[in-house]
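Here's run-v3.cif, which has mmCIF, C-alpha atoms:
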```cif
data_query
#
loop_
_atom_site.group_PDB
_atom_site.id
_atom_site.type_symbol
_atom_site.label_atom_id
_atom_site.label_comp_id
_atom_site.auth_asym_id
_atom_site.auth_seq_id
_atom_site.Cartn_x
_atom_site.Cartn_y
_atom_site.Cartn_z
ATOM 1 C CA MET A 9 39.606 107.721 79.116
ATOM 2 C CA GLU A 10 42.969 108.656 77.631
ATOM 3 C CA THR A 11 45.656 109.153 80.284
ATOM 4 C CA PHE A 12 48.754 109.143 78.039
ATOM 5 C CA ALA A 13 50.125 106.349 80.236
ATOM 6 C CA THR A 14 51.877 104.272 77.591
ATOM 7 C CA THR A 15 53.669 101.047 78.486
ATOM 8 C CA ALA A 16 55.725 100.987 75.273
ATOM 9 C CA PRO A 17 58.912 102.625 76.664
ATOM 10 C CA ASP A 18 59.083 100.194 79.589
ATOM 11 C CA ARG A 19 58.460 97.218 77.298
ATOM 12 C CA ILE A 20 61.267 98.390 75.000
ATOM 13 C CA GLN A 21 63.677 98.711 77.913
ATOM 14 C CA ARG A 22 62.810 95.209 79.128
ATOM 15 C CA LEU A 23 63.429 93.804 75.626
ATOM 16 C CA ALA A 24 66.568 95.786 74.778
ATOM 17 C CA GLU A 25 69.230 93.443 76.153
ATOM 18 C CA ASP A 26 67.698 90.256 74.720
ATOM 19 C CA ALA A 27 66.986 91.974 71.407
ATOM 20 C CA ALA A 28 70.588 93.151 71.102
ATOM 21 C CA ARG A 29 71.814 89.557 71.574
ATOM 22 C CA SER A 30 69.217 87.832 69.400
ATOM 23 C CA SER A 31 70.458 86.161 66.241
ATOM 24 C CA TYR A 32 67.095 87.015 64.662
ATOM 25 C CA LEU A 33 67.606 90.718 65.243
ATOM 26 C CA ILE A 34 71.245 91.143 64.180
ATOM 27 C CA GLY A 35 71.405 94.099 61.863
ATOM 28 C CA ILE A 36 67.851 95.108 62.744
ATOM 29 C CA TRP A 37 67.902 96.159 66.358
ATOM 30 C CA PRO A 38 69.348 99.676 66.715
ATOM 31 C CA SER A 39 69.085 99.686 70.498
ATOM 32 C CA ASP A 40 70.402 103.232 71.026
ATOM 33 C CA ARG A 41 67.927 104.735 68.538
ATOM 34 C CA ILE A 42 65.030 102.725 69.918
ATOM 35 C CA LEU A 43 65.901 103.663 73.505
ATOM 36 C CA ARG A 44 66.015 107.340 72.466
ATOM 37 C CA LEU A 45 62.604 106.863 70.866
ATOM 38 C CA ALA A 46 61.350 105.457 74.195
ATOM 39 C CA ASP A 47 62.607 108.584 75.976
ATOM 40 C CA GLU A 48 60.929 110.749 73.331
ATOM 41 C CA VAL A 49 57.591 108.993 73.922
ATOM 42 C CA ARG A 50 57.840 109.610 77.663
ATOM 43 C CA THR A 51 58.492 113.317 77.062
ATOM 44 C CA LEU A 52 55.705 113.595 74.512
ATOM 45 C CA ALA A 53 53.266 111.855 76.883
ATOM 46 C CA VAL A 54 53.783 114.569 79.497
ATOM 47 C CA ARG A 55 53.384 117.312 76.883
ATOM 48 C CA ALA A 56 50.304 115.672 75.344
ATOM 49 C CA ALA A 57 48.596 115.334 78.724
ATOM 50 C CA ALA A 58 49.009 119.085 79.234
ATOM 51 C CA VAL A 59 47.281 120.016 75.934
ATOM 52 C CA GLY A 60 43.773 119.796 77.382
ATOM 53 C CA ALA A 61 42.140 118.659 74.132
ATOM 54 C CA GLU A 62 38.473 117.828 73.699
ATOM 55 C CA MET A 63 37.868 114.114 74.251
ATOM 56 C CA VAL A 64 35.771 112.060 71.814
ATOM 57 C CA LEU A 65 35.051 108.387 71.158
ATOM 58 C CA CYS A 66 37.994 106.929 69.203
ATOM 59 C CA HIS A 67 38.336 103.545 67.538
ATOM 60 C CA ALA A 68 42.061 103.531 68.494
ATOM 61 C CA ASP A 69 43.193 101.415 65.518
ATOM 62 C CA ILE A 70 41.318 102.864 62.563
ATOM 63 C CA HIS A 71 43.946 102.286 59.891
ATOM 64 C CA PRO A 72 42.736 101.379 56.381
ATOM 65 C CA GLY A 73 42.980 97.652 57.154
ATOM 66 C CA ASN A 74 40.088 98.095 59.586
ATOM 67 C CA LEU A 75 37.830 99.737 57.010
ATOM 68 C CA LEU A 76 35.668 97.611 54.744
ATOM 69 C CA ALA A 77 33.439 98.692 51.872
ATOM 70 C CA ASP A 78 30.503 96.492 50.941
ATOM 71 C CA ALA A 79 29.126 95.886 47.441
ATOM 72 C CA ALA A 80 26.739 98.827 47.813
ATOM 73 C CA GLY A 81 29.630 101.160 48.649
ATOM 74 C CA ALA A 82 28.845 101.557 52.347
ATOM 75 C CA LEU A 83 31.891 101.892 54.578
ATOM 76 C CA HIS A 84 32.168 99.786 57.728
ATOM 77 C CA VAL A 85 34.652 100.250 60.557
ATOM 78 C CA VAL A 86 35.611 96.868 62.008
ATOM 79 C CA ASP A 87 37.761 95.570 64.885
ATOM 80 C CA TRP A 88 36.310 97.648 67.701
ATOM 81 C CA ASP A 89 38.250 95.769 70.373
ATOM 82 C CA ALA A 90 39.803 98.774 72.147
ATOM 83 C CA PRO A 91 37.742 101.971 71.796
ATOM 84 C CA ILE A 92 38.790 104.856 73.997
ATOM 85 C CA ILE A 93 37.681 108.357 74.901
ATOM 86 C CA ALA A 94 40.620 110.436 73.659
ATOM 87 C CA PRO A 95 41.517 113.463 71.548
ATOM 88 C CA ARG A 96 40.469 113.004 67.916
ATOM 89 C CA GLU A 97 44.154 112.972 66.943
ATOM 90 C CA ARG A 98 44.174 109.423 68.360
ATOM 91 C CA ASP A 99 42.286 108.241 65.286
ATOM 92 C CA LEU A 100 43.292 110.963 62.857
ATOM 93 C CA MET A 101 46.972 110.001 63.096
ATOM 94 C CA PHE A 102 46.129 107.195 60.672
ATOM 95 C CA VAL A 103 44.870 109.668 58.065
ATOM 96 C CA PHE A 104 47.295 112.547 58.503
ATOM 97 C CA GLY A 105 50.308 110.657 59.783
ATOM 98 C CA THR A 106 52.862 108.266 58.458
ATOM 99 C CA ASP A 107 51.982 105.100 56.581
ATOM 100 C CA TYR A 108 50.492 102.235 58.542
ATOM 101 C CA GLY A 109 50.779 98.756 57.121
ATOM 102 C CA ASP A 110 50.296 98.184 53.420
ATOM 103 C CA HIS A 111 47.627 100.878 53.036
ATOM 104 C CA PRO A 112 49.413 104.213 52.656
ATOM 105 C CA ILE A 113 47.384 107.370 52.719
ATOM 106 C CA ASN A 114 48.068 109.192 49.461
ATOM 107 C CA PRO A 115 46.915 112.720 48.553
ATOM 108 C CA HIS A 116 43.817 111.380 46.779
ATOM 109 C CA ARG A 117 42.720 109.362 49.824
ATOM 110 C CA GLU A 118 43.466 112.267 52.150
ATOM 111 C CA GLY A 119 41.368 114.543 49.929
ATOM 112 C CA LEU A 120 38.458 112.127 50.054
ATOM 113 C CA PHE A 121 38.747 111.954 53.828
ATOM 114 C CA ARG A 122 38.821 115.739 54.188
ATOM 115 C CA ARG A 123 35.759 116.057 51.930
ATOM 116 C CA GLY A 124 33.796 113.694 54.177
ATOM 117 C CA TYR A 125 35.212 114.731 57.556
ATOM 118 C CA GLY A 126 35.418 118.467 57.036
ATOM 119 C CA SER A 127 37.995 121.002 58.076
ATOM 120 C CA VAL A 128 40.170 120.002 60.981
ATOM 121 C CA GLU A 129 42.965 121.675 62.949
ATOM 122 C CA LEU A 130 45.271 119.059 64.430
ATOM 123 C CA ASP A 131 47.366 119.630 67.516
ATOM 124 C CA PRO A 132 51.019 118.961 66.586
ATOM 125 C CA THR A 133 51.930 117.754 70.095
ATOM 126 C CA LEU A 134 49.111 115.208 70.127
ATOM 127 C CA MET A 135 49.934 114.046 66.595
ATOM 128 C CA ALA A 136 53.622 113.649 67.488
ATOM 129 C CA TYR A 137 52.747 111.714 70.636
ATOM 130 C CA TYR A 138 50.303 109.334 68.965
ATOM 131 C CA GLN A 139 52.494 108.657 65.939
ATOM 132 C CA THR A 140 55.677 108.128 67.956
ATOM 133 C CA GLU A 141 53.932 106.049 70.618
ATOM 134 C CA ARG A 142 52.297 103.852 67.968
ATOM 135 C CA THR A 143 55.652 103.262 66.278
ATOM 136 C CA LEU A 144 57.316 102.369 69.571
ATOM 137 C CA ASP A 145 54.401 100.148 70.590
ATOM 138 C CA ASP A 146 54.597 98.284 67.273
ATOM 139 C CA ILE A 147 58.374 97.863 67.610
ATOM 140 C CA ALA A 148 57.921 96.460 71.131
ATOM 141 C CA GLU A 149 55.172 94.080 70.029
ATOM 142 C CA PHE A 150 57.009 92.744 66.973
ATOM 143 C CA ALA A 151 60.314 92.403 68.837
ATOM 144 C CA ALA A 152 58.650 90.533 71.712
ATOM 145 C CA ASN A 153 57.061 88.137 69.241
ATOM 146 C CA VAL A 154 60.339 87.571 67.381
ATOM 147 C CA LEU A 155 62.078 86.791 70.677
ATOM 148 C CA ASP A 156 59.318 84.386 71.775
ATOM 149 C CA PRO A 157 60.699 80.844 71.408
ATOM 150 C CA ASP A 158 57.182 79.418 71.095
ATOM 151 C CA ILE A 159 55.974 81.289 68.000
ATOM 152 C CA SER A 160 55.858 79.611 64.625
ATOM 153 C CA ASP A 161 58.464 80.259 61.943
ATOM 154 C CA ALA A 162 55.773 81.879 59.771
ATOM 155 C CA THR A 163 54.722 84.268 62.538
ATOM 156 C CA ARG A 164 58.338 85.115 63.315
ATOM 157 C CA ALA A 165 59.026 85.817 59.622
ATOM 158 C CA ASN A 166 55.974 88.082 59.398
ATOM 159 C CA ASP A 167 56.897 89.980 62.547
ATOM 160 C CA LEU A 168 60.513 90.314 61.365
ATOM 161 C CA HIS A 169 59.217 91.817 58.116
ATOM 162 C CA TRP A 170 57.217 94.485 59.958
ATOM 163 C CA LEU A 171 59.969 95.125 62.502
ATOM 164 C CA ARG A 172 62.515 95.640 59.703
ATOM 165 C CA ARG A 173 60.139 98.054 58.010
ATOM 166 C CA LEU A 174 59.605 100.093 61.181
ATOM 167 C CA VAL A 175 63.309 100.221 61.999
ATOM 168 C CA GLU A 176 64.152 101.225 58.419
ATOM 169 C CA ASP A 177 61.542 104.000 58.617
ATOM 170 C CA GLN A 178 63.202 105.229 61.831
ATOM 171 C CA ARG A 179 66.634 105.218 60.192
ATOM 172 C CA HIS A 180 65.256 107.317 57.346
ATOM 173 C CA SER A 181 63.629 109.764 59.765
ATOM 174 C CA ASP A 182 67.010 110.245 61.480
ATOM 175 C CA SER A 183 68.641 111.207 58.177
#
```
Go through the file and emit its structure as structure tokens.
Amino acid sequence: METFATTAPDRIQRLAEDAARSSYLIGIWPSDRILRLADEVRTLAVRAAAVGAEMVLCHADIHPGNLLADAAGALHVVDWDAPIIAPRERDLMFVFGTDYGDHPINPHREGLFRRGYGSVELDPTLMAYYQTERTLDDIAEFAANVLDPDISDATRANDLHWLRRLVEDQRHSDS
């Protein structure tokens, strides 16, 4: 059951000092902005918990990379490793939110989704919480991997790519 008890802000704070000193993260790690984002997630978590939304079964990571179509055109949702009972905004952030990965949701894809899903009113507090928390969680995960001395060069390069992309997106959202 969703409790809005994210660990992302604490993980960011634990990483901040090492990240600021890391030669891998020079020019990438905007520690003040990321720490402000951590504070924003904490505030949004309290507000989201007070919404009192209907809880439903959510995949919790239903971005387009976890959707597969077979040769007959049937759609399959894969990677059910962390389902949760939560407000529907938990999954719908991937459709109506910012881009996730290399599979952006464009107006055509959103239209197709709305045709199949039906009309939906999204709670702006829940959407803000889930989108901001997901961004912070991804930043924490990628930064921790980059700082891990035991990861391969290929993994570090991949995680640096995604971390740069997230940080750049945050810089643009501040503008």
If we count only C-alpha atoms, what is near region 167-180 of chain A at a cut-off of 12 Å, once residues fewer than 2 positions away on the same chain are taken out, given as a CSV table (one decimal) with C-alpha atoms, in the coordinates of the input?
```
chain,number,residue,atom,x,y,z
A,27,ALA,CA,67.0,92.0,71.4
A,31,SER,CA,70.5,86.2,66.2
A,32,TYR,CA,67.1,87.0,64.7
A,33,LEU,CA,67.6,90.7,65.2
A,34,ILE,CA,71.2,91.1,64.2
A,35,GLY,CA,71.4,94.1,61.9
A,36,ILE,CA,67.9,95.1,62.7
A,37,TRP,CA,67.9,96.2,66.4
A,38,PRO,CA,69.3,99.7,66.7
A,39,SER,CA,69.1,99.7,70.5
A,40,ASP,CA,70.4,103.2,71.0
A,41,ARG,CA,67.9,104.7,68.5
A,42,ILE,CA,65.0,102.7,69.9
A,44,ARG,CA,66.0,107.3,72.5
A,45,LEU,CA,62.6,106.9,70.9
A,106,THR,CA,52.9,108.3,58.5
A,107,ASP,CA,52.0,105.1,56.6
A,108,TYR,CA,50.5,102.2,58.5
A,109,GLY,CA,50.8,98.8,57.1
A,110,ASP,CA,50.3,98.2,53.4
A,139,GLN,CA,52.5,108.7,65.9
A,140,THR,CA,55.7,108.1,68.0
A,142,ARG,CA,52.3,103.9,68.0
A,143,THR,CA,55.7,103.3,66.3
A,144,LEU,CA,57.3,102.4,69.6
A,145,ASP,CA,54.4,100.1,70.6
A,146,ASP,CA,54.6,98.3,67.3
A,147,ILE,CA,58.4,97.9,67.6
A,148,ALA,CA,57.9,96.5,71.1
A,149,GLU,CA,55.2,94.1,70.0
A,150,PHE,CA,57.0,92.7,67.0
A,151,ALA,CA,60.3,92.4,68.8
A,152,ALA,CA,58.6,90.5,71.7
A,153,ASN,CA,57.1,88.1,69.2
A,154,VAL,CA,60.3,87.6,67.4
A,155,LEU,CA,62.1,86.8,70.7
A,156,ASP,CA,59.3,84.4,71.8
A,159,ILE,CA,56.0,81.3,68.0
A,160,SER,CA,55.9,79.6,64.6
A,161,ASP,CA,58.5,80.3,61.9
A,162,ALA,CA,55.8,81.9,59.8
A,163,THR,CA,54.7,84.3,62.5
A,164,ARG,CA,58.3,85.1,63.3
A,165,ALA,CA,59.0,85.8,59.6
A,182,ASP,CA,67.0,110.2,61.5
A,183,SER,CA,68.6,111.2,58.2
```
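When CA of Pro132 (chain A) is paired with CA of Leu43 (chain A), their separation reads 22.4 Å.
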* **Shell around Ile92 (chain A) at 7 Å using only C-alpha atoms, local window under 2 positions removed, as number ranges by chain** => A: 9-10, 65-68, 90, 94
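With only C-alpha atoms as the atoms that count, the residue of A:Arg22, A:Arg123, A:Arg98, A:Arg117 with the shortest distance to Val64 (chain A) is A:Arg98.
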* Asked: What separation in Å, quoted to one decimal, exists between CA of Asp131 (chain A) and CA of Glu118 (chain A)?
  -> 17.5 Å
What does the PyMOL selection byres ((chain A and resi 12) around 12) select in this file, as a PDB file with C-alpha atoms, in the coordinates of the input?
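Saved to expr_4.pdb:
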```
ATOM      1  CA  MET A   9      39.606 107.721  79.116  1.00  0.00           C
ATOM      2  CA  GLU A  10      42.969 108.656  77.631  1.00  0.00           C
ATOM      3  CA  THR A  11      45.656 109.153  80.284  1.00  0.00           C
ATOM      4  CA  ALA A  13      50.125 106.349  80.236  1.00  0.00           C
ATOM      5  CA  THR A  14      51.877 104.272  77.591  1.00  0.00           C
ATOM      6  CA  THR A  15      53.669 101.047  78.486  1.00  0.00           C
ATOM      7  CA  ALA A  16      55.725 100.987  75.273  1.00  0.00           C
ATOM      8  CA  VAL A  49      57.591 108.993  73.922  1.00  0.00           C
ATOM      9  CA  ARG A  50      57.840 109.610  77.663  1.00  0.00           C
ATOM     10  CA  THR A  51      58.492 113.317  77.062  1.00  0.00           C
ATOM     11  CA  LEU A  52      55.705 113.595  74.512  1.00  0.00           C
ATOM     12  CA  ALA A  53      53.266 111.855  76.883  1.00  0.00           C
ATOM     13  CA  VAL A  54      53.783 114.569  79.497  1.00  0.00           C
ATOM     14  CA  ARG A  55      53.384 117.312  76.883  1.00  0.00           C
ATOM     15  CA  ALA A  56      50.304 115.672  75.344  1.00  0.00           C
ATOM     16  CA  ALA A  57      48.596 115.334  78.724  1.00  0.00           C
ATOM     17  CA  ALA A  58      49.009 119.085  79.234  1.00  0.00           C
ATOM     18  CA  VAL A  59      47.281 120.016  75.934  1.00  0.00           C
ATOM     19  CA  GLY A  60      43.773 119.796  77.382  1.00  0.00           C
ATOM     20  CA  ILE A  92      38.790 104.856  73.997  1.00  0.00           C
ATOM     21  CA  ILE A  93      37.681 108.357  74.901  1.00  0.00           C
ATOM     22  CA  ALA A  94      40.620 110.436  73.659  1.00  0.00           C
ATOM     23  CA  PRO A  95      41.517 113.463  71.548  1.00  0.00           C
ATOM     24  CA  ARG A  98      44.174 109.423  68.360  1.00  0.00           C
ATOM     25  CA  LEU A 134      49.111 115.208  70.127  1.00  0.00           C
ATOM     26  CA  TYR A 137      52.747 111.714  70.636  1.00  0.00           C
ATOM     27  CA  TYR A 138      50.303 109.334  68.965  1.00  0.00           C
ATOM     28  CA  GLU A 141      53.932 106.049  70.618  1.00  0.00           C
ATOM     29  CA  ARG A 142      52.297 103.852  67.968  1.00  0.00           C
TER      30      ARG A 142
END
```
Using C-alpha atoms, give me region 9-106 of chain A from the structure I just pasted, as a PDB file, in the first residue's frame.
```pdb
ATOM      1  CA  MET A   9       0.000   0.000   0.000  1.00  0.00           C
ATOM      2  CA  GLU A  10       1.287   3.442  -0.935  1.00  0.00           C
ATOM      3  CA  THR A  11       2.527   5.413   2.079  1.00  0.00           C
ATOM      4  CA  PHE A  12       4.404   8.210   0.263  1.00  0.00           C
ATOM      5  CA  ALA A  13       7.465   7.257   2.322  1.00  0.00           C
ATOM      6  CA  THR A  14      10.169   7.829  -0.274  1.00  0.00           C
ATOM      7  CA  THR A  15      13.825   7.164   0.511  1.00  0.00           C
ATOM      8  CA  ALA A  16      15.107   9.272  -2.400  1.00  0.00           C
ATOM      9  CA  PRO A  17      15.737  12.523  -0.449  1.00  0.00           C
ATOM     10  CA  ASP A  18      17.785  10.726   2.210  1.00  0.00           C
ATOM     11  CA  ARG A  19      19.768   8.837  -0.434  1.00  0.00           C
ATOM     12  CA  ILE A  20      20.528  12.119  -2.220  1.00  0.00           C
ATOM     13  CA  GLN A  21      21.741  13.724   0.997  1.00  0.00           C
ATOM     14  CA  ARG A  22      24.007  10.753   1.726  1.00  0.00           C
ATOM     15  CA  LEU A  23      25.488  10.977  -1.792  1.00  0.00           C
ATOM     16  CA  ALA A  24      25.809  14.765  -2.021  1.00  0.00           C
ATOM     17  CA  GLU A  25      29.290  15.231  -0.561  1.00  0.00           C
ATOM     18  CA  ASP A  26      30.895  12.361  -2.498  1.00  0.00           C
ATOM     19  CA  ALA A  27      29.086  13.373  -5.682  1.00  0.00           C
ATOM     20  CA  ALA A  28      30.328  16.954  -5.398  1.00  0.00           C
ATOM     21  CA  ARG A  29      33.932  15.694  -5.142  1.00  0.00           C
ATOM     22  CA  SER A  30      33.725  12.983  -7.798  1.00  0.00           C
ATOM     23  CA  SER A  31      35.797  13.480 -10.924  1.00  0.00           C
ATOM     24  CA  TYR A  32      33.075  11.608 -12.828  1.00  0.00           C
ATOM     25  CA  LEU A  33      30.439  14.124 -11.810  1.00  0.00           C
ATOM     26  CA  ILE A  34      32.302  17.410 -12.346  1.00  0.00           C
ATOM     27  CA  GLY A  35      30.038  19.681 -14.308  1.00  0.00           C
ATOM     28  CA  ILE A  36      27.086  17.348 -13.795  1.00  0.00           C
ATOM     29  CA  TRP A  37      26.292  17.421 -10.116  1.00  0.00           C
ATOM     30  CA  PRO A  38      24.370  20.596  -9.218  1.00  0.00           C
ATOM     31  CA  SER A  39      24.215  19.773  -5.520  1.00  0.00           C
ATOM     32  CA  ASP A  40      22.192  22.837  -4.466  1.00  0.00           C
ATOM     33  CA  ARG A  41      19.490  22.200  -7.086  1.00  0.00           C
ATOM     34  CA  ILE A  42      19.340  18.497  -6.304  1.00  0.00           C
ATOM     35  CA  LEU A  43      19.132  19.151  -2.558  1.00  0.00           C
ATOM     36  CA  ARG A  44      16.272  21.607  -3.192  1.00  0.00           C
ATOM     37  CA  LEU A  45      14.581  18.906  -5.259  1.00  0.00           C
ATOM     38  CA  ALA A  46      14.951  16.534  -2.281  1.00  0.00           C
ATOM     39  CA  ASP A  47      13.230  19.094  -0.042  1.00  0.00           C
ATOM     40  CA  GLU A  48      10.482  19.504  -2.646  1.00  0.00           C
ATOM     41  CA  VAL A  49       9.860  15.738  -2.673  1.00  0.00           C
ATOM     42  CA  ARG A  50       9.532  15.686   1.112  1.00  0.00           C
ATOM     43  CA  THR A  51       6.975  18.509   0.982  1.00  0.00           C
ATOM     44  CA  LEU A  52       5.057  16.906  -1.864  1.00  0.00           C
ATOM     45  CA  ALA A  53       4.974  13.562  -0.018  1.00  0.00           C
ATOM     46  CA  VAL A  54       3.136  15.157   2.904  1.00  0.00           C
ATOM     47  CA  ARG A  55       0.702  16.912   0.556  1.00  0.00           C
ATOM     48  CA  ALA A  56       0.138  13.767  -1.527  1.00  0.00           C
ATOM     49  CA  ALA A  57      -0.617  11.667   1.551  1.00  0.00           C
ATOM     50  CA  ALA A  58      -3.350  14.147   2.491  1.00  0.00           C
ATOM     51  CA  VAL A  59      -5.148  13.889  -0.892  1.00  0.00           C
ATOM     52  CA  GLY A  60      -7.092  10.764   0.061  1.00  0.00           C
ATOM     53  CA  ALA A  61      -7.187   9.337  -3.471  1.00  0.00           C
ATOM     54  CA  GLU A  62      -8.747   6.033  -4.456  1.00  0.00           C
ATOM     55  CA  MET A  63      -6.156   3.250  -4.369  1.00  0.00           C
ATOM     56  CA  VAL A  64      -5.799   0.779  -7.253  1.00  0.00           C
ATOM     57  CA  LEU A  65      -3.314  -1.871  -8.369  1.00  0.00           C
ATOM     58  CA  CYS A  66      -0.378  -0.108 -10.066  1.00  0.00           C
ATOM     59  CA  HIS A  67       2.516  -1.585 -12.010  1.00  0.00           C
ATOM     60  CA  ALA A  68       4.786   1.175 -10.588  1.00  0.00           C
ATOM     61  CA  ASP A  69       7.146   1.290 -13.594  1.00  0.00           C
ATOM     62  CA  ILE A  70       4.847   1.169 -16.603  1.00  0.00           C
ATOM     63  CA  HIS A  71       6.890   3.328 -18.959  1.00  0.00           C
ATOM     64  CA  PRO A  72       6.868   2.414 -22.670  1.00  0.00           C
ATOM     65  CA  GLY A  73       9.984   0.254 -22.257  1.00  0.00           C
ATOM     66  CA  ASN A  74       7.888  -2.154 -20.185  1.00  0.00           C
ATOM     67  CA  LEU A  75       5.206  -2.522 -22.850  1.00  0.00           C
ATOM     68  CA  LEU A  76       5.581  -5.116 -25.581  1.00  0.00           C
ATOM     69  CA  ALA A  77       3.362  -5.750 -28.590  1.00  0.00           C
ATOM     70  CA  ASP A  78       3.331  -9.215 -30.112  1.00  0.00           C
ATOM     71  CA  ALA A  79       2.968 -10.082 -33.804  1.00  0.00           C
ATOM     72  CA  ALA A  80      -0.816 -10.262 -33.445  1.00  0.00           C
ATOM     73  CA  GLY A  81      -0.920  -6.737 -32.008  1.00  0.00           C
ATOM     74  CA  ALA A  82      -1.699  -7.725 -28.422  1.00  0.00           C
ATOM     75  CA  LEU A  83      -0.113  -5.500 -25.794  1.00  0.00           C
ATOM     76  CA  HIS A  84       1.741  -7.058 -22.866  1.00  0.00           C
ATOM     77  CA  VAL A  85       2.884  -5.296 -19.708  1.00  0.00           C
ATOM     78  CA  VAL A  86       6.162  -6.800 -18.500  1.00  0.00           C
ATOM     79  CA  ASP A  87       8.506  -6.360 -15.517  1.00  0.00           C
ATOM     80  CA  TRP A  88       5.983  -6.722 -12.715  1.00  0.00           C
ATOM     81  CA  ASP A  89       8.662  -6.760 -10.020  1.00  0.00           C
ATOM     82  CA  ALA A  90       7.217  -4.039  -7.763  1.00  0.00           C
ATOM     83  CA  PRO A  91       3.424  -3.692  -8.048  1.00  0.00           C
ATOM     84  CA  ILE A  92       1.769  -1.508  -5.447  1.00  0.00           C
ATOM     85  CA  ILE A  93      -1.686  -0.439  -4.340  1.00  0.00           C
ATOM     86  CA  ALA A  94      -1.565   3.315  -4.974  1.00  0.00           C
ATOM     87  CA  PRO A  95      -3.438   6.172  -6.632  1.00  0.00           C
ATOM     88  CA  ARG A  96      -3.719   5.673 -10.395  1.00  0.00           C
ATOM     89  CA  GLU A  97      -1.465   8.708 -10.884  1.00  0.00           C
ATOM     90  CA  ARG A  98       1.376   6.372  -9.846  1.00  0.00           C
ATOM     91  CA  ASP A  99       1.163   4.690 -13.242  1.00  0.00           C
ATOM     92  CA  LEU A 100      -0.401   7.505 -15.230  1.00  0.00           C
ATOM     93  CA  MET A 101       2.592   9.781 -14.618  1.00  0.00           C
ATOM     94  CA  PHE A 102       4.307   7.843 -17.405  1.00  0.00           C
ATOM     95  CA  VAL A 103       1.568   8.759 -19.886  1.00  0.00           C
ATOM     96  CA  PHE A 104       0.747  12.310 -18.847  1.00  0.00           C
ATOM     97  CA  GLY A 105       4.079  13.338 -17.388  1.00  0.00           C
ATOM     98  CA  THR A 106       7.525  14.134 -18.611  1.00  0.00           C
TER      99      THR A 106
END
```
